[in-house]
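Novice: Have a look at this one.
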Amino acid sequence: MSAVKPQRKVAGQKGQVWDILYFPDGRRTITCSEDGSLRVWDLESGKQEGENWEDKDSGTMWAIALSPGGKEVASGSDDGIVRLWDIETGKVTARWTGHGSEVASICWSPDGGDGTARMWNVESGETILEPIKTGHMCVRTVHYSPDATMIATGGNNGNGESSVKLWDVETGELLKTLRANMLGEVLCLAWSLDVN
């Protein structure tokens with residue numbers, strides 16, 4: 001069995017890279033990192049495009065997610081602020097606050113920390129529900145179900161216990177807790193297409 005070899009390497013981000021995503025054009029990626037910046041990379045040349053995307057005093061950028069329409073990127077960072085970035089300009093167009101610690105995971109509804117999960121209306125910037133108190137010491141990952149009826153959160157509950165929790169998106173009610181028989185914390189999630 002032969003080893004997998006990278007097709008392209010990019011360099012220039014200072015500190016650890018925490019998240020990466022592909023732009024809809026298929027020729028660029030964007031990364032976020034410990035240095036507090038987002039950077040766009042050309043996949044063909046391996047070089048950075050344009051300037052760093054930065055916002056004052058954000059601290060580590062932990063997570064990024066591309067909007068369903070492919071025109072905006074949301075980011076989560078050390079300062080507990082969720083930022084909305086315009087892909088064309090690389091500038092922040094909105095800031096949503098309310099978390100008491102870092103935002104380590106972020107996702108968009110398919111149709112459009114401090115241990116809480118929050119949902120915002122992108123158009124108005126208003127929260128949709130009261131914060132969901134997940135019981136995780138820090139929510140490390142969050143993901144909408146394919147039918148947009150539930151969100152799943154994952155993290156560390158303290159005392160070495162990890163879990164995934166399923167929540168109703170309309171009410172914020174806890175539907176189910178899935179306990180992980182492992183040390184550490186749940187860092188990523190994925191749904192099967194058959195939600196049941």
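By convention in this document, the chains of the structure tokens carry letters A, B, ... by their order, each chain's residues are numbered from 1, and ligands are numbered from 1 in the order they are shown.
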Can you list every residue in stretch 10-144 of chain A that DSSP puts in strand (DSSP E or B), as a CSV table (one decimal) with N, CA, C and O atoms, in the first residue's frame?
Specialist:
chain,number,residue,atom,x,y,z
A,17,VAL,N,-3.6,25.8,12.0
A,17,VAL,CA,-4.8,26.0,11.2
A,17,VAL,C,-5.9,25.1,11.8
A,17,VAL,O,-5.7,23.9,12.0
A,18,TRP,N,-7.1,25.7,12.2
A,18,TRP,CA,-8.1,25.0,12.9
A,18,TRP,C,-9.3,24.6,11.9
A,18,TRP,O,-10.0,23.7,12.3
A,19,ASP,N,-9.4,25.2,10.8
A,19,ASP,CA,-10.5,24.8,9.9
A,19,ASP,C,-10.2,25.2,8.5
A,19,ASP,O,-9.4,26.1,8.3
A,20,ILE,N,-10.8,24.5,7.6
A,20,ILE,CA,-10.6,24.8,6.1
A,20,ILE,C,-11.9,24.5,5.4
A,20,ILE,O,-12.6,23.6,5.8
A,21,LEU,N,-12.2,25.3,4.4
A,21,LEU,CA,-13.3,24.9,3.5
A,21,LEU,C,-13.0,25.3,2.1
A,21,LEU,O,-12.2,26.2,1.8
A,22,TYR,N,-13.8,24.7,1.2
A,22,TYR,CA,-13.6,25.0,-0.2
A,22,TYR,C,-14.7,26.1,-0.7
A,22,TYR,O,-15.8,26.0,-0.2
A,28,ARG,N,-10.4,27.6,-5.0
A,28,ARG,CA,-9.9,28.3,-3.8
A,28,ARG,C,-10.4,27.6,-2.5
A,28,ARG,O,-11.4,27.0,-2.5
A,29,THR,N,-9.6,27.7,-1.5
A,29,THR,CA,-10.0,27.3,-0.1
A,29,THR,C,-9.8,28.5,0.8
A,29,THR,O,-9.1,29.5,0.4
A,30,ILE,N,-10.3,28.4,2.0
A,30,ILE,CA,-10.1,29.4,3.0
A,30,ILE,C,-9.8,28.7,4.3
A,30,ILE,O,-10.3,27.6,4.5
A,31,THR,N,-8.8,29.3,5.0
A,31,THR,CA,-8.4,28.7,6.3
A,31,THR,C,-8.6,29.7,7.4
A,31,THR,O,-8.6,30.9,7.2
A,32,CYS,N,-8.8,29.2,8.6
A,32,CYS,CA,-8.8,30.1,9.8
A,32,CYS,C,-7.8,29.5,10.8
A,32,CYS,O,-7.5,28.3,10.8
A,33,SER,N,-7.2,30.4,11.6
A,33,SER,CA,-6.1,29.9,12.5
A,33,SER,C,-6.0,30.6,13.8
A,33,SER,O,-6.7,31.6,14.1
A,37,SER,N,-6.6,35.1,11.9
A,37,SER,CA,-6.9,35.5,10.5
A,37,SER,C,-7.6,34.4,9.7
A,37,SER,O,-7.5,33.2,10.1
A,38,LEU,N,-8.3,34.8,8.7
A,38,LEU,CA,-8.8,33.9,7.6
A,38,LEU,C,-8.0,34.3,6.4
A,38,LEU,O,-7.6,35.4,6.2
A,39,ARG,N,-7.6,33.2,5.6
A,39,ARG,CA,-6.8,33.5,4.4
A,39,ARG,C,-7.4,32.6,3.3
A,39,ARG,O,-7.7,31.5,3.5
A,40,VAL,N,-7.4,33.2,2.1
A,40,VAL,CA,-7.9,32.6,0.9
A,40,VAL,C,-6.6,32.1,0.1
A,40,VAL,O,-5.7,32.8,-0.1
A,41,TRP,N,-6.7,30.8,-0.4
A,41,TRP,CA,-5.6,30.2,-1.1
A,41,TRP,C,-6.1,29.7,-2.4
A,41,TRP,O,-7.1,29.1,-2.6
A,42,ASP,N,-5.2,30.0,-3.4
A,42,ASP,CA,-5.4,29.5,-4.8
A,42,ASP,C,-4.9,28.1,-4.8
A,42,ASP,O,-3.7,27.8,-4.5
A,48,GLN,N,-1.3,32.5,-1.4
A,48,GLN,CA,-2.4,33.3,-0.8
A,48,GLN,C,-3.0,34.3,-1.8
A,48,GLN,O,-2.2,35.0,-2.5
A,49,GLU,N,-4.3,34.5,-1.8
A,49,GLU,CA,-4.9,35.5,-2.6
A,49,GLU,C,-5.3,36.7,-1.7
A,49,GLU,O,-5.9,36.5,-0.7
A,50,GLY,N,-4.9,37.9,-2.1
A,50,GLY,CA,-5.2,39.1,-1.4
A,50,GLY,C,-4.6,39.1,0.0
A,50,GLY,O,-3.7,38.4,0.4
A,51,GLU,N,-5.2,40.0,0.8
A,51,GLU,CA,-4.7,40.2,2.2
A,51,GLU,C,-5.4,39.3,3.1
A,51,GLU,O,-6.4,38.7,2.8
A,52,ASN,N,-4.9,39.2,4.3
A,52,ASN,CA,-5.5,38.4,5.4
A,52,ASN,C,-6.9,39.1,5.7
A,52,ASN,O,-7.0,40.3,5.7
A,53,TRP,N,-7.8,38.2,6.0
A,53,TRP,CA,-9.1,38.7,6.5
A,53,TRP,C,-9.0,38.8,8.1
A,53,TRP,O,-8.8,37.8,8.7
A,54,GLU,N,-9.1,40.0,8.6
A,54,GLU,CA,-8.9,40.1,10.1
A,54,GLU,C,-9.9,41.1,10.7
A,54,GLU,O,-10.4,42.0,10.0
A,61,MET,N,-9.1,32.1,15.6
A,61,MET,CA,-10.3,31.8,14.8
A,61,MET,C,-10.4,30.3,14.8
A,61,MET,O,-9.6,29.6,14.3
A,62,TRP,N,-11.5,29.7,15.4
A,62,TRP,CA,-11.6,28.3,15.6
A,62,TRP,C,-12.3,27.6,14.5
A,62,TRP,O,-12.1,26.4,14.2
A,63,ALA,N,-13.3,28.2,13.9
A,63,ALA,CA,-14.2,27.5,13.0
A,63,ALA,C,-14.8,28.5,11.9
A,63,ALA,O,-15.0,29.7,12.2
A,64,ILE,N,-15.0,27.9,10.7
A,64,ILE,CA,-15.6,28.7,9.6
A,64,ILE,C,-16.6,27.8,8.9
A,64,ILE,O,-16.5,26.6,8.9
A,65,ALA,N,-17.7,28.5,8.4
A,65,ALA,CA,-18.7,27.7,7.6
A,65,ALA,C,-19.2,28.6,6.5
A,65,ALA,O,-19.4,29.8,6.7
A,66,LEU,N,-19.3,28.0,5.3
A,66,LEU,CA,-19.8,28.7,4.1
A,66,LEU,C,-21.3,28.7,4.1
A,66,LEU,O,-21.9,27.7,4.4
A,72,GLU,N,-21.1,34.1,1.7
A,72,GLU,CA,-20.7,34.6,3.0
A,72,GLU,C,-20.0,33.4,3.7
A,72,GLU,O,-20.3,32.3,3.5
A,73,VAL,N,-19.1,33.8,4.6
A,73,VAL,CA,-18.5,32.9,5.5
A,73,VAL,C,-18.8,33.3,7.0
A,73,VAL,O,-18.6,34.5,7.3
A,74,ALA,N,-19.2,32.4,7.8
A,74,ALA,CA,-19.4,32.7,9.2
A,74,ALA,C,-18.1,32.2,10.0
A,74,ALA,O,-17.6,31.1,9.6
A,75,SER,N,-17.7,32.9,11.0
A,75,SER,CA,-16.5,32.4,11.8
A,75,SER,C,-16.8,32.5,13.2
A,75,SER,O,-17.6,33.3,13.7
A,76,GLY,N,-16.2,31.6,14.0
A,76,GLY,CA,-16.3,31.6,15.4
A,76,GLY,C,-14.9,31.7,16.0
A,76,GLY,O,-13.9,31.2,15.5
A,77,SER,N,-14.7,32.5,17.1
A,77,SER,CA,-13.4,32.9,17.6
A,77,SER,C,-13.4,32.9,19.1
A,77,SER,O,-14.4,32.8,19.8
A,82,VAL,N,-19.5,35.7,16.8
A,82,VAL,CA,-19.7,35.1,15.5
A,82,VAL,C,-19.7,36.2,14.5
A,82,VAL,O,-20.4,37.2,14.6
A,83,ARG,N,-18.8,36.1,13.5
A,83,ARG,CA,-18.6,37.1,12.5
A,83,ARG,C,-19.1,36.6,11.1
A,83,ARG,O,-18.9,35.5,10.8
A,84,LEU,N,-19.8,37.5,10.4
A,84,LEU,CA,-20.2,37.2,9.0
A,84,LEU,C,-19.3,38.0,8.1
A,84,LEU,O,-19.2,39.2,8.2
A,85,TRP,N,-18.6,37.3,7.1
A,85,TRP,CA,-17.7,37.9,6.2
A,85,TRP,C,-18.2,37.8,4.8
A,85,TRP,O,-18.8,36.8,4.4
A,86,ASP,N,-18.0,38.9,4.0
A,86,ASP,CA,-18.4,38.9,2.6
A,86,ASP,C,-17.3,38.3,1.8
A,86,ASP,O,-16.1,38.7,2.0
A,92,VAL,N,-15.9,42.1,7.3
A,92,VAL,CA,-17.0,41.7,8.2
A,92,VAL,C,-18.2,42.5,7.9
A,92,VAL,O,-18.1,43.7,7.9
A,93,THR,N,-19.3,41.9,7.8
A,93,THR,CA,-20.6,42.6,7.5
A,93,THR,C,-21.5,42.5,8.7
A,93,THR,O,-22.5,43.3,8.8
A,94,ALA,N,-21.3,41.6,9.7
A,94,ALA,CA,-22.1,41.5,10.9
A,94,ALA,C,-21.3,40.8,12.0
A,94,ALA,O,-20.4,40.0,11.7
A,95,ARG,N,-21.7,41.2,13.2
A,95,ARG,CA,-21.1,40.5,14.4
A,95,ARG,C,-22.2,40.2,15.3
A,95,ARG,O,-23.1,41.0,15.6
A,96,TRP,N,-22.2,38.9,15.8
A,96,TRP,CA,-23.3,38.5,16.7
A,96,TRP,C,-22.6,38.1,18.0
A,96,TRP,O,-21.7,37.3,18.0
A,116,THR,N,-23.2,26.9,25.7
A,116,THR,CA,-24.5,27.1,25.1
A,116,THR,C,-24.4,27.0,23.5
A,116,THR,O,-23.4,27.2,22.9
A,117,ALA,N,-25.6,26.7,23.0
A,117,ALA,CA,-25.7,26.8,21.5
A,117,ALA,C,-26.7,27.9,21.2
A,117,ALA,O,-27.7,28.0,21.9
A,120,TRP,N,-29.0,32.4,15.2
A,120,TRP,CA,-29.3,33.7,14.8
A,120,TRP,C,-30.0,33.8,13.5
A,120,TRP,O,-29.7,32.9,12.6
A,127,THR,N,-31.4,36.7,17.8
A,127,THR,CA,-31.4,35.3,18.1
A,127,THR,C,-32.8,34.7,17.9
A,127,THR,O,-33.8,35.4,18.1
A,132,ILE,N,-29.4,27.7,24.3
A,132,ILE,CA,-29.6,26.3,24.7
A,132,ILE,C,-28.5,26.0,25.7
A,132,ILE,O,-27.3,26.0,25.2
A,133,LYS,N,-28.8,25.7,26.9
A,133,LYS,CA,-27.8,25.3,27.9
A,133,LYS,C,-27.5,23.8,27.7
A,133,LYS,O,-28.3,23.0,28.2
A,138,CYS,N,-17.8,23.0,27.1
A,138,CYS,CA,-17.6,23.8,25.9
A,138,CYS,C,-18.2,23.0,24.7
A,138,CYS,O,-18.0,21.8,24.6
A,139,VAL,N,-19.1,23.7,23.9
A,139,VAL,CA,-19.6,23.1,22.7
A,139,VAL,C,-18.5,23.1,21.7
A,139,VAL,O,-18.1,24.1,21.2
A,140,ARG,N,-18.0,21.9,21.3
A,140,ARG,CA,-16.9,21.8,20.3
A,140,ARG,C,-17.4,21.6,18.9
A,140,ARG,O,-16.7,21.8,18.0
A,141,THR,N,-18.6,21.1,18.8
A,141,THR,CA,-19.1,20.9,17.4
A,141,THR,C,-20.7,21.0,17.4
A,141,THR,O,-21.3,20.7,18.4
A,142,VAL,N,-21.2,21.5,16.4
A,142,VAL,CA,-22.7,21.7,16.2
A,142,VAL,C,-23.0,21.4,14.8
A,142,VAL,O,-22.2,21.8,13.9
A,143,HIS,N,-24.1,20.8,14.5
A,143,HIS,CA,-24.5,20.5,13.1
A,143,HIS,C,-26.0,20.3,13.0
A,143,HIS,O,-26.6,19.6,13.8
A,144,TYR,N,-26.6,21.0,12.0
A,144,TYR,CA,-28.0,20.8,11.7
A,144,TYR,C,-28.3,19.4,11.1
A,144,TYR,O,-27.4,18.9,10.3
Novice: Write out as a list of chain:residue names each polymer residue whose atoms come within 8 Å of A:Gln16, counting only C-alpha atoms; drop sequence neighbours fewer than 3 positions from it.
Specialist: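 Skipping anything fewer than 3 positions along the chain leaves A:Gln13, A:Ser33, A:Glu34, A:Asp35.
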Novice: For a quick check of understanding, using only C-alpha atoms, which of A:Gly70, A:Gly15, A:Pro146, A:Gly154 has the smallest distance to A:Asp194?
Specialist: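 Ranked by minimum distance to A:Asp194, first place goes to A:Pro146.
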Novice: Smallest atom-to-atom distance to A:Thr60: which of A:Gly98, A:Gly80, A:Pro131, A:Gly184, using only C-alpha atoms?
Specialist: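 The shortest atom-to-atom distance to A:Thr60 comes from A:Gly80.
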Novice: Mind giving me the straight-line distance from atom CA of A:Glu126 to atom CA of A:Pro24 in Å, one decimal?
Specialist: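 Distance reported for this atom pair: 27.4 Å.
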Novice: Which residue, A:Ile106, A:Leu129, A:Val164, A:Leu193, has the smallest gap to A:Ser145 when you use only C-alpha atoms?
Specialist: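 Smallest distance to A:Ser145 is found for A:Leu193.
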Novice: Would you work out the distance separating atom CA of A:Asp147 from atom CA of A:Gly26, expressed in Å to one decimal?
Specialist: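 About the pair atom CA of A:Asp147 and atom CA of A:Gly26: they are 25.7 Å apart.
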